[in-house]
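Structure file entry.pdb with PDB, C-alpha atoms:
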ATOM      1  CA  MET J   1      -2.027 -13.376   1.551  1.00  0.00           C
ATOM      2  CA  ILE J   2      -1.530 -10.479  -0.812  1.00  0.00           C
ATOM      3  CA  GLU J   3      -1.814  -8.082   2.150  1.00  0.00           C
ATOM      4  CA  ASP J   4       1.299  -9.679   3.702  1.00  0.00           C
ATOM      5  CA  ALA J   5       3.127  -9.332   0.384  1.00  0.00           C
ATOM      6  CA  LEU J   6       2.062  -5.667   0.151  1.00  0.00           C
ATOM      7  CA  VAL J   7       3.400  -4.916   3.651  1.00  0.00           C
ATOM      8  CA  ALA J   8       6.654  -6.771   2.878  1.00  0.00           C
ATOM      9  CA  LYS J   9       7.087  -4.658  -0.292  1.00  0.00           C
ATOM     10  CA  LEU J  10       6.445  -1.418   1.632  1.00  0.00           C
ATOM     11  CA  LYS J  11       8.889  -2.398   4.396  1.00  0.00           C
ATOM     12  CA  ALA J  12      11.541  -3.311   1.816  1.00  0.00           C
ATOM     13  CA  TYR J  13      11.502   0.153   0.204  1.00  0.00           C
ATOM     14  CA  ALA J  14      14.312   2.038   1.971  1.00  0.00           C
ATOM     15  CA  ALA J  15      13.109   5.568   1.139  1.00  0.00           C
ATOM     16  CA  LEU J  16       9.729   4.818   2.724  1.00  0.00           C
ATOM     17  CA  VAL J  17      11.193   3.074   5.776  1.00  0.00           C
ATOM     18  CA  ALA J  18      13.407   6.126   6.349  1.00  0.00           C
ATOM     19  CA  LEU J  19      10.208   8.159   6.785  1.00  0.00           C
ATOM     20  CA  VAL J  20       7.767   5.814   8.579  1.00  0.00           C
ATOM     21  CA  ASP J  21      10.083   3.122   9.952  1.00  0.00           C
ATOM     22  CA  THR J  22       8.018  -0.087  10.131  1.00  0.00           C
ATOM     23  CA  ARG J  23       4.794   1.615  11.280  1.00  0.00           C
ATOM     24  CA  ILE J  24       2.512   0.064   8.638  1.00  0.00           C
ATOM     25  CA  PHE J  25      -0.825  -1.154   9.966  1.00  0.00           C
ATOM     26  CA  PRO J  26      -4.018  -2.707   8.603  1.00  0.00           C
ATOM     27  CA  SER J  27      -7.125  -0.574   8.633  1.00  0.00           C
ATOM     28  CA  GLU J  28      -6.878   1.657  11.725  1.00  0.00           C
ATOM     29  CA  LEU J  29      -4.308   3.716  13.552  1.00  0.00           C
ATOM     30  CA  PRO J  30      -3.184   1.923  16.724  1.00  0.00           C
ATOM     31  CA  MET J  31      -3.606   3.827  19.976  1.00  0.00           C
ATOM     32  CA  GLY J  32      -0.401   5.375  21.282  1.00  0.00           C
ATOM     33  CA  SER J  33       1.663   4.598  18.188  1.00  0.00           C
ATOM     34  CA  ALA J  34       4.376   6.992  17.005  1.00  0.00           C
ATOM     35  CA  TYR J  35       4.011   8.995  13.794  1.00  0.00           C
ATOM     36  CA  PRO J  36       4.277   9.205  10.875  1.00  0.00           C
ATOM     37  CA  GLN J  37       2.679   5.913   9.886  1.00  0.00           C
ATOM     38  CA  LEU J  38       0.763   4.146   7.145  1.00  0.00           C
ATOM     39  CA  THR J  39      -2.520   2.292   7.203  1.00  0.00           C
ATOM     40  CA  TYR J  40      -3.928   0.154   4.399  1.00  0.00           C
ATOM     41  CA  TRP J  41      -7.161  -1.652   3.669  1.00  0.00           C
ATOM     42  CA  ALA J  42      -8.640  -3.600   0.791  1.00  0.00           C
ATOM     43  CA  LYS J  43     -11.385  -1.586  -0.860  1.00  0.00           C
ATOM     44  CA  ASP J  44     -12.319  -4.057  -3.563  1.00  0.00           C
ATOM     45  CA  THR J  45     -11.462  -7.606  -4.633  1.00  0.00           C
ATOM     46  CA  LYS J  46     -12.375  -9.238  -7.930  1.00  0.00           C
ATOM     47  CA  GLN J  47     -11.610 -12.823  -8.795  1.00  0.00           C
ATOM     48  CA  PRO J  48     -12.446 -13.886 -12.350  1.00  0.00           C
ATOM     49  CA  GLY J  49     -13.826 -17.372 -12.893  1.00  0.00           C
ATOM     50  CA  ARG J  50     -11.344 -20.227 -12.783  1.00  0.00           C
ATOM     51  CA  THR J  51     -10.788 -22.932 -15.387  1.00  0.00           C
ATOM     52  CA  LEU J  52      -9.109 -26.326 -15.131  1.00  0.00           C
ATOM     53  CA  ARG J  53      -6.172 -24.970 -17.166  1.00  0.00           C
ATOM     54  CA  ASP J  54      -5.781 -21.989 -14.862  1.00  0.00           C
ATOM     55  CA  ALA J  55      -6.569 -23.403 -11.419  1.00  0.00           C
ATOM     56  CA  GLY J  56      -4.783 -20.568  -9.654  1.00  0.00           C
ATOM     57  CA  GLY J  57      -6.648 -17.753 -11.338  1.00  0.00           C
ATOM     58  CA  LEU J  58      -5.984 -14.032 -11.273  1.00  0.00           C
ATOM     59  CA  CYS J  59      -7.261 -11.644  -8.656  1.00  0.00           C
ATOM     60  CA  LYS J  60      -7.557  -7.879  -8.751  1.00  0.00           C
ATOM     61  CA  LYS J  61      -7.505  -6.028  -5.462  1.00  0.00           C
ATOM     62  CA  THR J  62      -7.668  -2.311  -4.801  1.00  0.00           C
ATOM     63  CA  PHE J  63      -5.988  -1.070  -1.647  1.00  0.00           C
ATOM     64  CA  GLN J  64      -6.272   2.343  -0.073  1.00  0.00           C
ATOM     65  CA  ILE J  65      -2.997   3.342   1.550  1.00  0.00           C
ATOM     66  CA  ASP J  66      -3.169   6.291   3.951  1.00  0.00           C
ATOM     67  CA  ALA J  67      -0.152   8.174   5.273  1.00  0.00           C
ATOM     68  CA  TRP J  68      -0.614   9.935   8.622  1.00  0.00           C
ATOM     69  CA  SER J  69       1.452  12.590  10.349  1.00  0.00           C
ATOM     70  CA  ASP J  70       0.883  14.366  13.649  1.00  0.00           C
ATOM     71  CA  ARG J  71       3.184  17.225  12.654  1.00  0.00           C
ATOM     72  CA  SER J  72       0.465  19.520  11.382  1.00  0.00           C
ATOM     73  CA  GLU J  73       2.889  22.342  10.681  1.00  0.00           C
ATOM     74  CA  GLU J  74       5.037  20.107   8.468  1.00  0.00           C
ATOM     75  CA  TYR J  75       3.171  19.905   5.157  1.00  0.00           C
ATOM     76  CA  ASN J  76       6.344  18.676   3.426  1.00  0.00           C
ATOM     77  CA  ASP J  77       6.618  15.619   5.708  1.00  0.00           C
ATOM     78  CA  ILE J  78       3.405  14.081   4.429  1.00  0.00           C
ATOM     79  CA  LYS J  79       4.196  15.015   0.813  1.00  0.00           C
ATOM     80  CA  GLN J  80       7.573  13.232   1.121  1.00  0.00           C
ATOM     81  CA  ILE J  81       5.775  10.099   2.305  1.00  0.00           C
ATOM     82  CA  GLU J  82       3.338  10.372  -0.609  1.00  0.00           C
ATOM     83  CA  GLU J  83       6.245  10.684  -3.054  1.00  0.00           C
ATOM     84  CA  ALA J  84       7.998   7.648  -1.513  1.00  0.00           C
ATOM     85  CA  LEU J  85       4.765   5.613  -1.850  1.00  0.00           C
ATOM     86  CA  ARG J  86       4.436   6.599  -5.508  1.00  0.00           C
ATOM     87  CA  ASN J  87       8.079   5.707  -6.170  1.00  0.00           C
ATOM     88  CA  CYS J  88       7.707   2.354  -4.403  1.00  0.00           C
ATOM     89  CA  PHE J  89       5.085   1.351  -6.972  1.00  0.00           C
ATOM     90  CA  ASP J  90       6.495   2.929 -10.129  1.00  0.00           C
ATOM     91  CA  THR J  91       7.718  -0.219 -11.891  1.00  0.00           C
ATOM     92  CA  GLY J  92       4.343  -1.611 -12.974  1.00  0.00           C
ATOM     93  CA  GLY J  93       4.453  -5.374 -12.419  1.00  0.00           C
ATOM     94  CA  GLY J  94       5.892  -8.643 -13.583  1.00  0.00           C
ATOM     95  CA  GLN J  95       7.350  -9.125 -10.117  1.00  0.00           C
ATOM     96  CA  LEU J  96       7.345 -11.770  -7.447  1.00  0.00           C
ATOM     97  CA  TRP J  97       6.257 -10.256  -4.117  1.00  0.00           C
ATOM     98  CA  PRO J  98       7.627 -12.577  -1.417  1.00  0.00           C
ATOM     99  CA  TYR J  99       6.355 -12.702   2.142  1.00  0.00           C
ATOM    100  CA  ALA J 100       6.780 -15.022   5.125  1.00  0.00           C
ATOM    101  CA  GLY J 101       4.129 -17.571   4.047  1.00  0.00           C
ATOM    102  CA  GLY J 102       4.858 -17.748   0.314  1.00  0.00           C
ATOM    103  CA  SER J 103       4.734 -15.335  -2.573  1.00  0.00           C
ATOM    104  CA  HIS J 104       2.417 -13.806  -5.145  1.00  0.00           C
ATOM    105  CA  PHE J 105       3.321 -13.185  -8.742  1.00  0.00           C
ATOM    106  CA  VAL J 106       2.059  -9.675  -9.393  1.00  0.00           C
ATOM    107  CA  GLN J 107       1.253  -9.210 -13.055  1.00  0.00           C
ATOM    108  CA  HIS J 108       0.429  -5.538 -12.805  1.00  0.00           C
ATOM    109  CA  PHE J 109       0.142  -2.807 -10.216  1.00  0.00           C
ATOM    110  CA  ARG J 110      -0.532   0.879 -10.516  1.00  0.00           C
ATOM    111  CA  ILE J 111      -1.658   3.849  -8.539  1.00  0.00           C
ATOM    112  CA  GLU J 112      -5.165   4.809  -9.536  1.00  0.00           C
ATOM    113  CA  GLU J 113      -4.713   7.980 -11.508  1.00  0.00           C
ATOM    114  CA  ASN J 114      -8.060   9.552 -10.695  1.00  0.00           C
ATOM    115  CA  MET J 115      -6.598  10.360  -7.278  1.00  0.00           C
ATOM    116  CA  ASP J 116      -5.433  13.968  -7.584  1.00  0.00           C
ATOM    117  CA  GLU J 117      -1.680  13.918  -6.985  1.00  0.00           C
ATOM    118  CA  THR J 118      -1.665  17.707  -6.671  1.00  0.00           C
ATOM    119  CA  ALA J 119      -4.360  17.785  -3.965  1.00  0.00           C
ATOM    120  CA  PRO J 120      -3.113  18.988  -0.594  1.00  0.00           C
ATOM    121  CA  PRO J 121      -3.079  16.530   2.294  1.00  0.00           C
ATOM    122  CA  VAL J 122      -6.174  16.486   4.438  1.00  0.00           C
ATOM    123  CA  PHE J 123      -5.750  18.431   7.680  1.00  0.00           C
ATOM    124  CA  ASP J 124      -7.930  17.810  10.737  1.00  0.00           C
ATOM    125  CA  ALA J 125      -7.771  20.853  13.023  1.00  0.00           C
ATOM    126  CA  ASN J 126      -9.327  18.892  15.924  1.00  0.00           C
ATOM    127  CA  THR J 127      -6.572  16.282  16.023  1.00  0.00           C
ATOM    128  CA  GLY J 128      -3.718  18.199  14.376  1.00  0.00           C
ATOM    129  CA  MET J 129      -3.258  15.297  11.937  1.00  0.00           C
ATOM    130  CA  ARG J 130      -2.424  15.443   8.250  1.00  0.00           C
ATOM    131  CA  ALA J 131      -3.224  12.556   5.925  1.00  0.00           C
ATOM    132  CA  VAL J 132      -2.847  11.696   2.268  1.00  0.00           C
ATOM    133  CA  SER J 133      -4.416   8.698   0.500  1.00  0.00           C
ATOM    134  CA  LEU J 134      -3.483   6.646  -2.546  1.00  0.00           C
ATOM    135  CA  ASN J 135      -5.405   3.861  -4.226  1.00  0.00           C
ATOM    136  CA  LEU J 136      -3.222   0.983  -5.399  1.00  0.00           C
ATOM    137  CA  ILE J 137      -4.599  -1.567  -7.873  1.00  0.00           C
ATOM    138  CA  VAL J 138      -2.853  -4.958  -7.824  1.00  0.00           C
ATOM    139  CA  VAL J 139      -3.488  -7.798 -10.316  1.00  0.00           C
ATOM    140  CA  PHE J 140      -1.913 -10.996  -9.022  1.00  0.00           C
ATOM    141  CA  GLU J 141      -1.949 -14.758  -9.248  1.00  0.00           C
ATOM    142  CA  GLN J 142      -3.064 -16.876  -6.348  1.00  0.00           C
ATOM    143  CA  ALA J 143      -0.407 -17.581  -3.715  1.00  0.00           C
ATOM    144  CA  LEU J 144       2.483 -19.860  -4.623  1.00  0.00           C
ATOM    145  CA  PRO J 145       3.496 -21.980  -1.619  1.00  0.00           C
ATOM    146  CA  THR J 146       7.164 -21.963  -0.648  1.00  0.00           C
ATOM    147  CA  HIS J 147       7.259 -25.596   0.532  1.00  0.00           C
TER
END

Re-express the file's structure as structure tokens.
Amino acid sequence: MIEDALVAKLKAYAALVALVDTRIFPSELPMGSAYPQLTYWAKDTKQPGRTLRDAGGLCKKTFQIDAWSDRSEEYNDIKQIEEALRNCFDTGGGQLWPYAGGSHFVQHFRIEENMDETAPPVFDANTGMRAVSLNLIVVFEQALPTH
């Protein structure tokens, strides 16, 4: 699945791992987990019609990736994670994203630019948490089996 390939790419980026370790989770923050951490979820999936010549087809999926920190006084912590996320996805595409069950050929990926990169991280005074969100658009071919 492309989600597995996304997580593998995030965990392979050393600058990001130095900040969040391997705390990358689907959808929700796990109870009792250490911080900082990332969550991700698929906001939108589009799959154009398939033809006999192109049985695999292309898919376009938009992910929201959220970085979370419980160090409310450390604004720079969350901004460093945001910068590492942006740098992880700065090459644009034409890459094979391997994961345990196969791989996806990613034709194009980009951070959605209507997200305001200068906006401050969200701060929740009730929980003491800071968060920043990025939307990542990925255009990929269907999975290529490894066997």

Computed gap from CA of Glu82 (chain J) to CA of Leu136 (chain J) is 12.4 Å

When distances are computed from all atoms listed in the file, which of J:Asp4, J:Asp70, J:Glu112, J:Glu83 shows the smallest separation from Ser33 (chain J)?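 Under the stated criterion, the closest residue is J:Asp70.
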
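One finds CA of Val20 (chain J) at 21.0 Å from CA of Ile2 (chain J).
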
Give as a PyMOL selection string the residues that the PyMOL selection byres ((chain J and resi 13) around 10) matches when applied to the coordinates above. chain J and resi 8-12+14-18+84-85+87-89

Name the closest residue to Lys61 (chain J) among the candidates J:Val122, J:Leu38, J:Met1, J:Ala100; distances are taken between atoms, counting only C-alpha atoms. J:Met1

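Coordinates place CA of Pro26 (chain J) at a distance of 18.2 Å from CA of Arg130 (chain J).
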
How would you write, as a PyMOL selection string, the residues chosen by the PyMOL selection byres ((chain J and resi 96) around 12) on this structure? chain J and resi 2+5-6+8-9+92-95+97-99+102-109+139-144

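Restricting the calculation to all atoms listed in the file, the smallest distance between Val132 (chain J) and any of J:Trp68, J:Arg110, J:Asp77, J:Asp90 is found for J:Trp68.
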
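Put simply, the PyMOL selection byres ((chain J and resi 43-45) around 12) on this file hits Ile2, Glu3, Ser27, Tyr40, Trp41, Ala42, Lys46, Gln47, Pro48, Leu58, Cys59, Lys60, Lys61, Thr62, Phe63, Gln64, Ile65, Leu134, Asn135, Leu136, Ile137, Val138, Val139 and Phe140 of chain J.
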
Let me know the centre plus edge lengths, in Å and rounded to one decimal, of a box with edges along x, y and z that contains all listed atoms of region 104-107 of chain J and is padded by 5 Å on every side, as JSON.
{"center_x": 2.3, "center_y": -11.5, "center_z": -9.1, "size_x": 12.1, "size_y": 14.6, "size_z": 17.9}

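If you measure from each of J:Val7, J:Met31, J:Asn76, J:Ser69 to Gly128 (chain J) using only C-alpha atoms, the closest one turns out to be J:Ser69.
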
Kindly add N, CA and C atoms to the incomplete region 88-106 of chain J and provide the output as a PDB file, keeping the file's coordinate frame.
ATOM      1  N   CYS J  88       7.676   3.774  -4.755  1.00  0.00           N
ATOM      2  CA  CYS J  88       7.707   2.354  -4.403  1.00  0.00           C
ATOM      3  C   CYS J  88       6.964   1.512  -5.440  1.00  0.00           C
ATOM      4  N   PHE J  89       5.933   2.096  -6.029  1.00  0.00           N
ATOM      5  CA  PHE J  89       5.085   1.351  -6.972  1.00  0.00           C
ATOM      6  C   PHE J  89       5.193   1.869  -8.394  1.00  0.00           C
ATOM      7  N   ASP J  90       6.383   2.345  -8.793  1.00  0.00           N
ATOM      8  CA  ASP J  90       6.495   2.929 -10.129  1.00  0.00           C
ATOM      9  C   ASP J  90       6.950   1.955 -11.207  1.00  0.00           C
ATOM     10  N   THR J  91       7.182   0.692 -10.887  1.00  0.00           N
ATOM     11  CA  THR J  91       7.718  -0.219 -11.891  1.00  0.00           C
ATOM     12  C   THR J  91       6.667  -1.019 -12.637  1.00  0.00           C
ATOM     13  N   GLY J  92       5.439  -1.074 -12.181  1.00  0.00           N
ATOM     14  CA  GLY J  92       4.343  -1.611 -12.974  1.00  0.00           C
ATOM     15  C   GLY J  92       3.985  -3.068 -12.871  1.00  0.00           C
ATOM     16  N   GLY J  93       4.866  -3.984 -12.550  1.00  0.00           N
ATOM     17  CA  GLY J  93       4.453  -5.374 -12.419  1.00  0.00           C
ATOM     18  C   GLY J  93       5.475  -6.350 -12.949  1.00  0.00           C
ATOM     19  N   GLY J  94       5.009  -7.576 -13.174  1.00  0.00           N
ATOM     20  CA  GLY J  94       5.892  -8.643 -13.583  1.00  0.00           C
ATOM     21  C   GLY J  94       6.900  -8.972 -12.502  1.00  0.00           C
ATOM     22  N   GLN J  95       6.450  -8.924 -11.252  1.00  0.00           N
ATOM     23  CA  GLN J  95       7.350  -9.125 -10.117  1.00  0.00           C
ATOM     24  C   GLN J  95       6.802 -10.177  -9.174  1.00  0.00           C
ATOM     25  N   LEU J  96       7.710 -10.868  -8.515  1.00  0.00           N
ATOM     26  CA  LEU J  96       7.345 -11.770  -7.447  1.00  0.00           C
ATOM     27  C   LEU J  96       7.399 -10.979  -6.154  1.00  0.00           C
ATOM     28  N   TRP J  97       6.305 -10.943  -5.403  1.00  0.00           N
ATOM     29  CA  TRP J  97       6.257 -10.256  -4.117  1.00  0.00           C
ATOM     30  C   TRP J  97       6.336 -11.311  -3.028  1.00  0.00           C
ATOM     31  N   PRO J  98       7.512 -11.561  -2.458  1.00  0.00           N
ATOM     32  CA  PRO J  98       7.627 -12.577  -1.417  1.00  0.00           C
ATOM     33  C   PRO J  98       7.144 -12.067  -0.067  1.00  0.00           C
ATOM     34  N   TYR J  99       6.707 -12.994   0.754  1.00  0.00           N
ATOM     35  CA  TYR J  99       6.355 -12.702   2.142  1.00  0.00           C
ATOM     36  C   TYR J  99       6.585 -13.973   2.941  1.00  0.00           C
ATOM     37  N   ALA J 100       6.407 -13.916   4.242  1.00  0.00           N
ATOM     38  CA  ALA J 100       6.780 -15.022   5.125  1.00  0.00           C
ATOM     39  C   ALA J 100       6.106 -16.345   4.761  1.00  0.00           C
ATOM     40  N   GLY J 101       4.850 -16.324   4.304  1.00  0.00           N
ATOM     41  CA  GLY J 101       4.129 -17.571   4.047  1.00  0.00           C
ATOM     42  C   GLY J 101       4.149 -18.032   2.606  1.00  0.00           C
ATOM     43  N   GLY J 102       4.845 -17.354   1.723  1.00  0.00           N
ATOM     44  CA  GLY J 102       4.858 -17.748   0.314  1.00  0.00           C
ATOM     45  C   GLY J 102       5.202 -16.562  -0.556  1.00  0.00           C
ATOM     46  N   SER J 103       4.520 -16.471  -1.686  1.00  0.00           N
ATOM     47  CA  SER J 103       4.734 -15.335  -2.573  1.00  0.00           C
ATOM     48  C   SER J 103       3.552 -15.224  -3.517  1.00  0.00           C
ATOM     49  N   HIS J 104       3.413 -14.054  -4.108  1.00  0.00           N
ATOM     50  CA  HIS J 104       2.417 -13.806  -5.145  1.00  0.00           C
ATOM     51  C   HIS J 104       3.161 -13.283  -6.358  1.00  0.00           C
ATOM     52  N   PHE J 105       2.787 -13.784  -7.536  1.00  0.00           N
ATOM     53  CA  PHE J 105       3.321 -13.185  -8.742  1.00  0.00           C
ATOM     54  C   PHE J 105       2.368 -12.067  -9.132  1.00  0.00           C
ATOM     55  N   VAL J 106       2.869 -10.850  -9.089  1.00  0.00           N
ATOM     56  CA  VAL J 106       2.059  -9.675  -9.393  1.00  0.00           C
ATOM     57  C   VAL J 106       2.251  -9.352 -10.865  1.00  0.00           C
TER      58      VAL J 106
END
